[in-house]
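Data file: entry.csv. Format and content: CSV, C-alpha atoms and all ligand atoms.
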```
chain,number,residue,atom,x,y,z
A,45,MET,CA,111.8,99.4,78.6
A,46,LYS,CA,113.2,95.9,78.9
A,47,ALA,CA,115.1,94.2,81.7
A,48,PRO,CA,118.9,94.0,81.6
A,49,ASP,CA,120.2,90.6,80.4
A,50,PHE,CA,120.1,87.8,82.9
A,51,ALA,CA,120.5,84.0,83.0
A,52,TYR,CA,117.5,81.9,83.9
A,53,CYS,CA,117.1,78.5,85.6
A,54,CYS,CA,114.2,76.5,87.0
A,55,PRO,CA,115.3,73.8,89.4
A,56,ASP,CA,112.8,71.3,90.7
A,57,ASN,CA,113.9,70.9,94.3
A,58,VAL,CA,114.8,73.1,97.3
A,59,ASP,CA,118.4,71.8,97.6
A,60,ASP,CA,119.2,72.9,94.1
A,61,VAL,CA,117.6,76.3,94.7
A,62,CYS,CA,119.7,76.7,97.8
A,63,GLU,CA,122.9,75.5,96.0
A,64,LEU,CA,122.4,78.2,93.3
A,65,MET,CA,121.6,80.9,95.9
A,66,ALA,CA,124.8,80.0,97.8
A,67,GLU,CA,126.8,80.2,94.6
A,68,TYR,CA,125.4,83.5,93.3
A,69,GLY,CA,124.4,85.3,96.5
A,70,SER,CA,123.2,88.9,95.9
A,71,ASP,CA,123.7,88.4,92.1
A,72,ALA,CA,120.7,86.0,92.0
A,73,ARG,CA,117.0,86.7,92.5
A,74,VAL,CA,114.3,84.1,93.3
A,75,LEU,CA,111.4,84.4,90.9
A,76,ALA,CA,108.1,83.4,92.5
A,77,GLY,CA,105.0,85.1,91.1
A,78,GLY,CA,107.1,87.7,89.4
A,79,GLN,CA,104.4,90.4,90.0
A,80,SER,CA,106.9,92.7,91.7
A,81,LEU,CA,110.2,91.5,90.5
A,82,VAL,CA,109.5,91.5,86.8
A,83,PRO,CA,108.1,95.0,86.6
A,84,ALA,CA,111.0,96.2,88.8
A,85,MET,CA,113.5,94.6,86.4
A,86,ASN,CA,111.7,95.9,83.3
A,87,LEU,CA,111.9,99.4,84.8
A,88,ARG,CA,115.6,98.7,85.6
A,89,LEU,CA,114.9,99.3,89.3
A,90,SER,CA,116.2,95.8,90.0
A,91,SER,CA,118.7,93.5,88.2
A,92,ALA,CA,120.1,90.1,88.6
A,93,GLU,CA,122.8,87.9,86.9
A,94,LEU,CA,120.6,84.9,87.5
A,95,LEU,CA,116.9,84.4,88.0
A,96,ILE,CA,116.1,81.3,90.0
A,97,ASP,CA,112.5,80.3,89.0
A,98,ILE,CA,111.0,78.3,91.9
A,99,ASN,CA,107.7,77.5,90.1
A,100,ARG,CA,108.7,73.9,89.5
A,101,VAL,CA,109.5,73.1,93.1
A,102,SER,CA,106.4,71.2,94.1
A,103,ALA,CA,107.6,71.0,97.8
A,104,LEU,CA,107.0,74.7,98.0
A,105,GLU,CA,103.3,74.4,97.1
A,106,GLY,CA,100.3,74.2,99.4
A,107,ILE,CA,98.6,75.4,102.5
A,108,LYS,CA,98.4,73.0,105.4
A,109,LEU,CA,97.9,72.7,109.1
A,110,THR,CA,101.2,72.1,111.0
A,111,ASP,CA,101.7,68.7,112.7
A,112,ASP,CA,101.0,70.2,116.2
A,113,GLY,CA,97.8,71.8,114.9
A,114,GLN,CA,99.0,75.2,116.2
A,115,GLY,CA,99.8,76.8,112.8
A,116,VAL,CA,98.8,77.1,109.2
A,117,SER,CA,101.8,76.8,106.9
A,118,VAL,CA,101.7,78.7,103.6
A,119,GLY,CA,104.3,77.5,101.1
A,120,ALA,CA,106.4,79.8,98.9
A,121,LEU,CA,104.3,78.9,95.9
A,122,ALA,CA,100.9,79.5,97.4
A,123,ARG,CA,99.3,82.3,95.4
A,124,HIS,CA,97.3,85.2,96.9
A,125,ALA,CA,94.2,83.8,95.3
A,126,GLN,CA,94.7,80.3,96.8
A,127,VAL,CA,95.3,81.8,100.2
A,128,ALA,CA,92.1,83.9,99.9
A,129,ALA,CA,90.1,80.9,99.0
A,130,SER,CA,91.7,78.5,101.5
A,131,PRO,CA,89.2,77.0,104.0
A,132,LEU,CA,92.1,76.5,106.5
A,133,ILE,CA,93.0,80.2,106.4
A,134,ARG,CA,89.3,81.3,106.7
A,135,GLN,CA,88.8,78.9,109.6
A,136,HIS,CA,92.0,79.3,111.5
A,137,VAL,CA,93.7,82.6,110.5
A,138,SER,CA,90.9,85.1,110.4
A,139,LEU,CA,93.1,88.2,110.2
A,140,VAL,CA,94.8,86.9,106.9
A,141,GLY,CA,91.4,86.0,105.6
A,142,LYS,CA,90.2,89.5,106.2
A,143,ALA,CA,93.3,91.2,104.8
A,144,MET,CA,93.4,89.1,101.7
A,145,ALA,CA,90.3,90.9,100.5
A,146,TYR,CA,92.5,94.0,100.1
A,147,VAL,CA,95.5,92.5,98.3
A,148,ALA,CA,95.9,93.5,94.6
A,149,HIS,CA,93.7,92.8,91.6
A,150,PRO,CA,92.6,89.3,90.3
A,151,ALA,CA,95.4,89.0,87.7
A,152,VAL,CA,98.1,89.8,90.2
A,153,ARG,CA,96.5,87.6,92.9
A,154,ASN,CA,96.6,84.6,90.5
A,155,ARG,CA,100.4,84.7,90.4
A,156,GLY,CA,101.6,86.7,93.3
A,157,THR,CA,102.6,84.8,96.5
A,158,THR,CA,102.3,85.5,100.2
A,159,CYS,CA,106.0,84.6,100.7
A,160,GLY,CA,107.0,86.8,97.8
A,161,SER,CA,105.2,89.7,99.5
A,162,LEU,CA,106.9,88.9,102.8
A,163,ALA,CA,110.3,88.6,101.2
A,164,LEU,CA,109.9,91.8,99.3
A,165,ALA,CA,108.8,93.8,102.4
A,166,ASP,CA,106.9,96.6,100.7
A,167,PRO,CA,105.8,98.9,103.5
A,168,SER,CA,102.3,99.3,102.0
A,169,ALA,CA,101.7,95.6,101.6
A,170,GLU,CA,99.1,93.8,103.7
A,171,MET,CA,100.8,90.5,104.5
A,172,PRO,CA,103.9,91.9,106.4
A,173,ALA,CA,101.4,93.9,108.6
A,174,CYS,CA,99.4,90.7,109.4
A,175,ALA,CA,102.7,88.8,110.0
A,176,VAL,CA,103.8,91.3,112.6
A,177,ALA,CA,100.3,91.5,114.2
A,178,LEU,CA,100.1,87.7,114.6
A,179,ASN,CA,103.9,87.3,115.1
A,180,ALA,CA,104.0,84.6,112.4
A,181,SER,CA,107.2,82.5,111.8
A,182,LEU,CA,109.1,82.8,108.6
A,183,VAL,CA,111.0,79.7,107.7
A,184,LEU,CA,114.3,80.3,105.8
A,185,GLN,CA,116.6,77.7,104.3
A,186,SER,CA,120.1,78.0,103.0
A,187,LYS,CA,122.9,75.6,102.0
A,188,LYS,CA,125.2,77.0,104.7
A,189,GLU,CA,122.8,77.3,107.7
A,190,GLY,CA,120.1,74.7,106.9
A,191,VAL,CA,116.6,75.7,108.2
A,192,ARG,CA,116.0,78.6,110.6
A,193,ARG,CA,112.9,80.3,111.8
A,194,VAL,CA,112.6,84.1,112.3
A,195,SER,CA,109.6,85.6,114.0
A,196,ALA,CA,107.9,88.3,111.9
A,197,ARG,CA,108.6,90.9,114.6
A,198,GLU,CA,112.3,90.4,114.0
A,199,PHE,CA,112.1,90.1,110.3
A,200,PHE,CA,111.4,93.6,108.9
A,201,PHE,CA,114.4,95.9,109.2
A,202,GLY,CA,113.5,98.8,106.8
A,203,LEU,CA,112.3,99.7,103.4
A,204,TYR,CA,112.6,96.4,101.3
A,205,ASP,CA,115.1,95.3,103.9
A,206,THR,CA,114.7,92.1,106.0
A,207,ALA,CA,116.5,89.5,108.1
A,208,ARG,CA,116.6,87.2,105.1
A,209,ARG,CA,120.2,86.7,103.9
A,210,ASP,CA,121.0,86.7,100.2
A,211,ASP,CA,121.5,82.9,100.1
A,212,GLU,CA,118.3,82.1,102.0
A,213,LEU,CA,115.0,80.9,100.4
A,214,LEU,CA,111.8,81.7,102.3
A,215,THR,CA,110.3,78.3,102.1
A,216,ASN,CA,107.0,79.0,104.0
A,217,VAL,CA,105.3,81.2,106.6
A,218,ILE,CA,103.6,79.7,109.6
A,219,TRP,CA,100.6,81.6,110.8
A,220,PRO,CA,99.5,80.9,114.4
A,221,VAL,CA,96.0,79.6,114.5
A,222,ASP,CA,93.3,81.8,116.1
A,223,GLN,CA,92.8,81.2,119.8
A,224,PRO,CA,89.4,81.0,121.5
A,225,GLY,CA,88.2,84.4,122.8
A,226,TYR,CA,90.5,86.3,120.4
A,227,TYR,CA,89.2,88.6,117.7
A,228,THR,CA,90.8,90.2,114.6
A,229,GLY,CA,90.2,93.2,112.4
A,230,PHE,CA,91.8,94.7,109.3
A,231,THR,CA,91.2,97.9,107.3
A,232,GLU,CA,93.1,100.1,104.9
A,233,LEU,CA,92.8,103.2,102.8
A,234,SER,CA,93.8,102.9,99.1
A,235,ARG,CA,93.2,105.0,96.0
A,236,ARG,CA,91.3,102.1,94.3
A,237,HIS,CA,90.3,98.7,95.7
A,238,GLY,CA,93.2,96.3,95.2
A,239,ASP,CA,95.9,99.0,95.2
A,240,PHE,CA,98.6,99.1,97.8
A,241,ALA,CA,97.5,100.8,101.0
A,242,ILE,CA,98.1,104.5,101.6
A,243,ALA,CA,97.7,103.5,105.3
A,244,GLY,CA,96.3,100.5,107.1
A,245,VAL,CA,95.7,98.8,110.4
A,246,ALA,CA,95.7,95.2,111.5
A,247,VAL,CA,94.5,94.1,115.0
A,248,ARG,CA,94.2,91.0,117.2
A,249,CYS,CA,93.1,91.0,120.8
A,250,ALA,CA,91.3,89.0,123.4
A,251,ILE,CA,87.9,90.2,124.6
A,252,ASN,CA,86.3,88.4,127.5
A,253,ASN,CA,83.1,89.7,129.1
A,254,GLY,CA,83.6,93.0,127.3
A,255,ILE,CA,87.2,93.5,128.6
A,256,VAL,CA,90.1,93.8,126.3
A,257,ARG,CA,93.5,92.1,126.8
A,258,ASP,CA,96.6,91.4,124.7
A,259,LEU,CA,96.0,94.0,122.0
A,260,ASP,CA,98.4,93.6,119.1
A,261,MET,CA,97.8,96.5,116.8
A,262,VAL,CA,99.9,97.2,113.7
A,263,THR,CA,99.8,100.3,111.5
A,264,PHE,CA,101.4,100.1,108.0
A,265,GLY,CA,101.9,102.2,104.9
A,266,VAL,CA,103.1,105.2,106.9
A,267,GLY,CA,106.7,104.3,107.6
A,268,PRO,CA,109.4,101.9,106.2
A,269,THR,CA,108.1,98.9,108.2
A,270,PRO,CA,104.8,97.8,109.8
A,271,VAL,CA,104.7,99.2,113.4
A,272,LEU,CA,103.4,97.2,116.4
A,273,SER,CA,102.0,99.7,118.9
A,274,ALA,CA,103.2,99.1,122.5
A,275,GLU,CA,101.2,102.1,123.5
A,276,ALA,CA,97.9,100.7,122.1
A,277,ARG,CA,98.5,97.6,124.1
A,278,ASP,CA,99.1,99.5,127.3
A,279,LEU,CA,96.1,101.8,126.8
A,280,ALA,CA,93.7,99.0,126.1
A,281,GLU,CA,94.8,96.4,128.6
A,282,ALA,CA,91.9,95.5,131.0
A,283,GLN,CA,89.7,98.3,129.6
A,284,GLU,CA,86.1,98.0,128.5
A,285,ALA,CA,85.7,97.4,124.7
A,286,ASN,CA,83.6,100.4,123.8
A,287,ALA,CA,83.6,103.5,121.6
A,288,ALA,CA,85.4,105.6,124.1
A,289,LEU,CA,88.4,103.2,124.2
A,290,ALA,CA,88.4,103.1,120.4
A,291,SER,CA,88.6,106.9,120.3
A,292,SER,CA,91.3,107.2,122.9
A,293,VAL,CA,93.5,104.6,121.3
A,294,ALA,CA,93.0,106.1,117.9
A,295,ASP,CA,93.8,109.6,119.1
A,296,LYS,CA,96.9,108.8,121.1
A,297,VAL,CA,98.5,106.3,118.7
A,298,SER,CA,97.9,108.5,115.6
A,299,ASN,CA,99.3,111.5,117.4
A,300,GLN,CA,102.5,109.8,118.3
A,301,LEU,CA,103.1,107.8,115.1
A,302,GLU,CA,106.3,108.6,113.2
A,303,ILE,CA,105.0,109.5,109.7
A,304,ASP,CA,107.2,109.3,106.6
A,305,SER,CA,105.4,111.8,104.5
A,306,ILE,CA,106.4,115.3,105.7
A,307,GLU,CA,104.3,117.0,103.1
A,308,HIS,CA,101.1,115.3,104.1
A,309,GLU,CA,101.9,114.5,107.7
A,310,GLN,CA,98.7,115.9,109.2
A,311,VAL,CA,96.5,114.3,106.6
A,312,ARG,CA,98.1,110.9,107.1
A,313,ARG,CA,97.8,111.2,110.9
A,314,GLU,CA,94.1,111.9,110.5
A,315,GLN,CA,93.7,109.0,108.1
A,316,VAL,CA,95.4,106.6,110.6
A,317,ARG,CA,93.3,107.9,113.4
A,318,ALA,CA,90.1,107.2,111.5
A,319,LEU,CA,91.3,103.7,110.4
A,320,ILE,CA,92.2,102.7,114.0
A,321,HIS,CA,88.9,104.0,115.3
A,322,ARG,CA,87.0,102.1,112.6
A,323,VAL,CA,88.9,98.8,113.0
A,324,LEU,CA,88.6,98.8,116.8
A,325,LEU,CA,84.9,99.5,116.7
A,326,GLY,CA,84.5,96.6,114.2
A,327,VAL,CA,86.5,94.2,116.5
A,328,PHE,CA,84.5,95.3,119.6
A,329,GLN,CA,81.3,94.8,117.7
A,330,GLU,CA,82.3,91.3,116.5
A,331,ALA,CA,83.2,90.3,120.1
A,332,ALA,CA,79.8,91.7,121.4
A,333,CYS,CA,78.1,89.4,118.8
A,334,GLY,CA,80.3,86.5,119.9
A,335,ASN,CA,82.0,85.7,116.6
A,336,SER,CA,85.7,85.0,117.1
B,401,LIG,C1,99.3,96.2,89.8
B,401,LIG,C2,99.8,95.6,91.0
B,401,LIG,C3,99.1,95.8,92.2
B,401,LIG,C4,99.6,95.2,93.4
B,401,LIG,N1,98.9,95.5,94.6
B,401,LIG,C5,99.3,94.9,95.7
B,401,LIG,C6,98.6,95.1,96.9
B,401,LIG,O1,97.6,95.8,97.0
B,401,LIG,N2,99.1,94.5,98.0
B,401,LIG,C7,100.2,93.7,98.0
B,401,LIG,O2,100.6,93.2,99.1
B,401,LIG,N3,100.9,93.5,96.9
B,401,LIG,C8,100.5,94.1,95.7
B,401,LIG,N4,101.2,93.8,94.6
B,401,LIG,C9,102.4,93.0,94.6
B,401,LIG,C10,102.0,91.6,94.5
B,401,LIG,O3,101.3,91.1,95.6
B,401,LIG,C11,103.3,90.8,94.5
B,401,LIG,O4,103.0,89.6,93.9
B,401,LIG,C12,104.0,90.4,95.7
B,401,LIG,O5,104.4,91.6,96.5
B,401,LIG,C13,105.3,89.7,95.5
B,401,LIG,O6,105.0,88.4,95.3
B,401,LIG,P1,105.5,87.6,94.0
B,401,LIG,O7,105.3,86.2,94.3
B,401,LIG,O8,105.0,88.2,92.8
B,401,LIG,O9,107.1,87.8,94.1
B,401,LIG,P2,108.2,88.2,93.0
B,401,LIG,O10,107.8,89.4,92.2
B,401,LIG,O11,108.5,86.9,92.2
B,401,LIG,O12,109.4,88.5,94.0
B,401,LIG,C14,109.5,89.7,94.8
B,401,LIG,C15,110.8,89.7,95.5
B,401,LIG,O13,110.8,88.8,96.6
B,401,LIG,C16,111.8,87.8,96.3
B,401,LIG,N5,111.2,86.5,96.6
B,401,LIG,C17,110.0,86.0,96.2
B,401,LIG,N6,109.8,84.9,96.8
B,401,LIG,C18,110.8,84.5,97.5
B,401,LIG,C19,111.1,83.4,98.4
B,401,LIG,N7,110.3,82.4,98.5
B,401,LIG,N8,112.3,83.4,99.0
B,401,LIG,C20,113.2,84.5,98.9
B,401,LIG,N9,112.9,85.5,98.1
B,401,LIG,C21,111.8,85.6,97.4
B,401,LIG,C22,112.2,88.0,94.9
B,401,LIG,O14,113.6,87.6,94.6
B,401,LIG,C23,112.0,89.4,94.6
B,401,LIG,O15,113.1,90.2,95.1
B,401,LIG,C24,100.7,94.4,93.4
B,401,LIG,C25,101.4,94.2,92.2
B,401,LIG,C26,101.0,94.8,91.0
B,401,LIG,C27,101.7,94.5,89.8
```
Please express what this file holds, its structure, as structure tokens.
Ligand SMILES: Cc1cc2nc3c(=O)[nH]c(=O)nc-3n(C[C@H](O)[C@H](O)[C@H](O)COP(=O)(O)OP(=O)(O)OC[C@H]3O[C@@H](n4cnc5c(N)ncnc54)[C@H](O)[C@@H]3O)c2cc1C
Amino acid sequence: MKAPDFAYCCPDNVDDVCELMAEYGSDARVLAGGQSLVPAMNLRLSSAELLIDINRVSALEGIKLTDDGQGVSVGALARHAQVAASPLIRQHVSLVGKAMAYVAHPAVRNRGTTCGSLALADPSAEMPACAVALNASLVLQSKKEGVRRVSAREFFFGLYDTARRDDELLTNVIWPVDQPGYYTGFTELSRRHGDFAIAGVAVRCAINNGIVRDLDMVTFGVGPTPVLSAEARDLAEAQEANAALASSVADKVSNQLEIDSIEHEQVRREQVRALIHRVLLGVFQEAACGNS
């Protein structure tokens, strides 16, 4: 099958992109890596009057430390493979470094972008879950409103539905840098390595002298958006980082999770329980070895 007819343009600066997005609104689509958009158009699951190819906008390239040193900015044209190989990401945003190992296959990673993944908001994708766990900032730009920042915890509304308006370009995402004494963990279950997750868990917490604080734990793949667990935070606060805590958080959170799949609800619950248990044990172990 082929995509329905569309017009195509490739501006070379952000202002021109925003001008076109303002003019066409929901009739236009930004083309970044094209790894999700092009198959969806070819399958006629998505259509557009105009494709705005941003691949010539050099201002959207790159991965860099923010001026205040508190964030790592990943531009809209940074490919998954570049993010995975980035020394800045490895050194300062350990959760994304860990999660990138699970994102797609090499051919897809060479073109697909982090910002494309966040803009698309697939519930089984790794980057939205990391963004919610770390509360990353998404930077949006439009002709009408200029630049605005939305925190990841307020960005994902539902299945493929986000706070981004039709005339807004996601120019970059800012990942907060790891703080001393904080540890991260990521794991997922998928049919084959590199496929989208059936279910997954992303975690960040502080561990000091074996005591857990500030646990941010996100489950994904089981509902329309990544879910930050307030219950996990309450259960773990000021508790000892040990196997008993990993088990009790895994049991309680998985039991209360709203699961999309009615047919496989019990199986999915058990999978999430095992993933939470596994990821927390890994984080606790890392802290015991002193590697943040
Ligand atoms: C075989 C296969 C396996 C995959 N496995 C995984 C996986 O395991 N994990 C995973 O996370 N992903 C996976 N993907 C998806 C891949 O990571 C996509 O590249 C990614 O989700 C979207 O990024 P993109 O740059 O290709 O975006 P595109 O396909 O170009 O765009 C996707 C959507 O986002 C919009 N968009 C893109 N960039 C912007 C922007 N800067 N501002 C506003 N809107 C924008 C587009 O208009 C479109 O609606 C897989 C894809 C394939 C084909």
Provide the CA of Ala294 in chain A to CA of Ala173 in chain A distance in Å, to one decimal place.
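CA of Ala294 in chain A sits 17.5 Å away from CA of Ala173 in chain A.
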Please, which residues in range 62-151 of chain A fall within 8 Å of range 228-231 of chain A when counting all atoms listed in the file, and what is the closest atom pair and distance in Å to one decimal for each, ordered by chain then residue number, as JSON lines?
```
{"residue": "A:Ser138", "atom": "CA", "partner": "A:Thr228", "partner_atom": "CA", "distance": 6.6}
{"residue": "A:Leu139", "atom": "CA", "partner": "A:Thr228", "partner_atom": "CA", "distance": 5.4}
{"residue": "A:Lys142", "atom": "CA", "partner": "A:Phe230", "partner_atom": "CA", "distance": 6.3}
{"residue": "A:Ala143", "atom": "CA", "partner": "A:Phe230", "partner_atom": "CA", "distance": 5.9}
```
Using all atoms listed in the file, give me every residue within 6 Å of (94.1, 95.8, 120.9) in file coordinates, as a list in words.
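Residues found, by chain and rising number: Cys249, Leu259, Asp260, Met261 and Arg277 of chain A.
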Using all atoms listed in the file, what table do you get, as a Markdown table, when you list each residue of chain A with an atom no more than 6 Å from ligand LIG 401 (chain B), its nearest pair of atoms, and their distance in Å rounded to one decimal, rows by chain then rising number?
```
| residue | atom | partner | partner_atom | distance |
| --- | --- | --- | --- | --- |
| A:Arg73 | CA | B:LIG401 | O14 | 4.1 |
| A:Val74 | CA | B:LIG401 | O14 | 3.8 |
| A:Leu75 | CA | B:LIG401 | O11 | 4.0 |
| A:Ala76 | CA | B:LIG401 | O11 | 3.5 |
| A:Gly77 | CA | B:LIG401 | O7 | 3.4 |
| A:Gly78 | CA | B:LIG401 | O11 | 3.2 |
| A:Gln79 | CA | B:LIG401 | O8 | 3.6 |
| A:Ser80 | CA | B:LIG401 | O10 | 3.5 |
| A:Leu81 | CA | B:LIG401 | O10 | 3.6 |
| A:Ala120 | CA | B:LIG401 | N7 | 4.7 |
| A:Val147 | CA | B:LIG401 | O1 | 4.1 |
| A:Ala148 | CA | B:LIG401 | N1 | 3.6 |
| A:Val152 | CA | B:LIG401 | C26 | 5.8 |
| A:Gly156 | CA | B:LIG401 | O4 | 3.3 |
| A:Thr157 | CA | B:LIG401 | O7 | 3.8 |
| A:Cys159 | CA | B:LIG401 | N7 | 5.3 |
| A:Gly160 | CA | B:LIG401 | C17 | 3.5 |
| A:Ser161 | CA | B:LIG401 | O5 | 3.6 |
| A:Ala163 | CA | B:LIG401 | O13 | 4.6 |
| A:Leu164 | CA | B:LIG401 | O13 | 4.1 |
| A:Ala169 | CA | B:LIG401 | O2 | 3.6 |
| A:Glu170 | CA | B:LIG401 | O2 | 4.9 |
| A:Leu213 | CA | B:LIG401 | N8 | 3.9 |
| A:Leu214 | CA | B:LIG401 | N8 | 3.7 |
| A:Thr215 | CA | B:LIG401 | N7 | 5.5 |
| A:Gly238 | CA | B:LIG401 | O1 | 4.8 |
| A:Asp239 | CA | B:LIG401 | O1 | 4.0 |
| A:Phe240 | CA | B:LIG401 | O1 | 3.5 |
```
Range 55-59 of chain A surroundings by all atoms listed in the file, 7 Å radius, close-in-sequence under 2 positions cut, as number ranges by chain:
A: 53, 61-63, 98, 100-101
Between CA of Arg192 in chain A and CA of Asp60 in chain A, measure the distance and give it in Å to one decimal.
17.7 Å
Coordinates-based distance that separates CA of His321 in chain A from CA of Asn252 in chain A (Å, one decimal)
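That distance, rounded to one decimal, is 20.0 Å.
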Using only C-alpha atoms: which of A:Tyr204, A:Glu93, A:Ala276, A:Ser186 has the shortest distance to Ser292 in chain A:
A:Ala276
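Using all atoms listed in the file, the residues found no farther than 9 Å from Arg209 in chain A, other than those of its own chain fewer than 2 positions away, are Gly69, Ser70, Leu184, Ser186, Thr206, Ala207, Asp211, Glu212 and Leu213 of chain A.
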Spatial sel., origin (99.8, 74.1, 109.5), limit 10 Å, only C-alpha atoms, listed as a PyMOL selection string:
chain A and resi 107-118+132-133+136+217-221
Which residues are near Ser298 in chain A? Cut-off 6 Å, only C-alpha atoms, ignore same chain within fewer than 4 positions. Put them as a ChimeraX atom specification.
/A:294,313,316-317
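Remark: for Val266 in chain A, the closest of the candidate residues A:Pro48, A:Pro172, A:Pro83, A:Pro167 is A:Pro167 (distances computed over all atoms listed in the file).
Proximity of A:Ala287, A:Leu95, A:Ala151, A:Ala180 to Phe50 in chain A, computed with all atoms listed in the file, is greatest for A:Leu95.
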